[in-house]
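For reference, the structure discussed in these notes is given below.
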Amino acid sequence: MLVSGKEILSVAKEQGFAVPAFNAGSGQLVNAVMEACEEAQSPVMIAIHPDELSFLTDSFVAQVAYLANHTKIPVCIHLDHGASFEQVMHAISIGFTSVMIDASHLSFEENVAISKKVVEAAHAAGVSVEAELGTIGDTGNTVEGGVSEIVYTDPKVAQDFIDQTGVDSLAVAIGTAHGIYPKDVDPKLRLDILEEIEALTDIPLVLHGGSSNPDDEISKAVTMGVNKINISSDIKIVFANELRNVLNAGNTEAREPNVLFPACMEQTKKVALDKIKLFKSDDKVKYY
């Protein structure tokens with residue numbers, strides 16, 4: 001069933017788990033994570049970045065909506081890192097049920113202004129809004145982007161931002177980065193900052209850059225109030241690596257998608273199932 005971001009995350013906040021938001025940049029990735037979620041009975045947000053949407057074209061949203069309308073698990077179609085009011089409005093017009101406006105690189109006042117404008121328009125259409133306060137890092141070579149220097153979310157201004165904008169969920173910066181960390185980098189989440197933010201705010205919190213962080217830290221973040229975690233690189237890397245294995249297997253005549261992709265999709269599904277269990281979203285469909 002197709003639902004809004006507010007509908008899917010309010011239950012997660014009440015029940016103490018995190019909804020996986022998989023950046024599924026192809027039909028094969030969408031089918032793989034949907035199979036995982038149906039098997040695990042987990043709600044899911046299918047996140048699509050504007051660059052992915054540009055590549056896939058608007059018709060891809062209709063494909064995801066079809067899947068959502070033909071399953072019993074809650075599915076939200078989410079615009080990831082919308083960069084402008086116009087981009088967000090376009091997403092709403094083609095069927096997204098949740099949008100993110102990312103003005104985190106602007107001043108606090110400018111972030112409030114554009115986020116509030118998006119909320120007013122999106123809520124009028126029944127669409128939920130996520131915004132970001134603080135900045136997410138970037139390890140390089142990701143569609144989501146980010147900054148080289150992380151600016152942590154200030155817990156003392158988070159609720160003020162929520163009150164002024166009316167956003168439905170808030171992406172917080174506590175030390176994560178988009179992409180996979182280099183081998184010489186040991187990522188550490190500032191769980192102390194998360195604890196303070198959670199104590200001072202009243203809406204679902206979102207963690208971006210959830211790929212390759214230590215499982216114990218991610219699990220702890222969920223117990224401390226994170227209700228949505230974005231996963232992109234982890235599912236795409238295993239898909240790509242398995243595709244390389246298939247192509248290097250010696251069958252130079254292999255060309256049909258139904259020959260090349262099934263093994264890749266199975267690897268993606270395995271990772272998705274691992275994340276679902278880590279986020280404690282398995283067997284949670286019963287609450288919707």
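Lettering and numbering for the structure tokens are positional, with chains as A, B, ... in the shown order, residues counted from 1 in each chain, and ligands counted from 1 in the shown order.
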
Would you tabulate, counting only C-alpha atoms, all residues of segment 52-130 of chain A that have an atom at most 12 Å from an atom of segment 27-31 of chain A, showing the closest pair of atoms and their distance in Å to one decimal, sorted by chain then ascending number, as CSV?
```
residue,atom,partner,partner_atom,distance
A:Glu52,CA,A:Gly27,CA,11.6
A:Leu53,CA,A:Gly27,CA,12.0
A:Leu56,CA,A:Gly27,CA,9.1
A:Thr57,CA,A:Gly27,CA,11.9
A:Ser59,CA,A:Gly27,CA,11.3
A:Phe60,CA,A:Gly27,CA,7.9
A:Val61,CA,A:Gly27,CA,10.3
A:Ala62,CA,A:Gly27,CA,11.4
A:Gln63,CA,A:Gly27,CA,8.1
A:Val64,CA,A:Val30,CA,7.6
A:Ala65,CA,A:Val30,CA,11.2
A:Tyr66,CA,A:Asn31,CA,11.6
A:Leu67,CA,A:Asn31,CA,8.6
A:Ala68,CA,A:Val30,CA,10.8
A:Thr71,CA,A:Asn31,CA,12.0
A:Val75,CA,A:Val30,CA,11.4
A:Ile77,CA,A:Val30,CA,11.2
```

Handout entry: For segment 115-118 of chain A: contacts at 7 Å, only C-alpha atoms, fewer than 6 positions along chain excluded, given as a ChimeraX atom specification
Key = /A:85,101,131,165-166

Fewer than 5 positions away in the same chain doesn't count, so skip those; otherwise give me all residues within 7 Å of segment 37-40 of chain A, counting only C-alpha atoms, as a compact mmCIF listing (two decimals) with N, CA and C atoms, in the first residue's frame.
```txt
# COMPACT_ATOMS: atom_id res chain seq x y z
N ILE A 73 2.51 -4.46 2.15
CA ILE A 73 3.43 -3.75 3.04
C ILE A 73 3.36 -2.25 2.75
N ASP A 282 11.90 -5.49 10.78
CA ASP A 282 11.28 -6.76 10.38
C ASP A 282 10.08 -7.06 11.26
N ASP A 283 9.08 -7.66 10.66
CA ASP A 283 7.84 -8.05 11.32
C ASP A 283 7.10 -6.84 11.92
```

Exercise for the section: Identify, on the basis of only C-alpha atoms, every residue whose closest approach to Ile174 of chain A does not exceed 12 Å; exclude the query and any residue fewer than 2 positions from it along the same chain; express the result as a PyMOL selection string. Expected result: chain A and resi 132-137+150-155+171-172+176-177+187-198+205-210+213+217-218+221+226

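Of the listed residues (A:Gln267, A:Ser84, A:Pro20, A:Glu256), A:Ser84 comes nearest to Leu106 of chain A; the distances count only C-alpha atoms.
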
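Among the candidates A:Ile92, A:Phe108, A:Val285, A:Thr252, the one nearest to Ala124 of chain A when counting only C-alpha atoms is A:Ile92.
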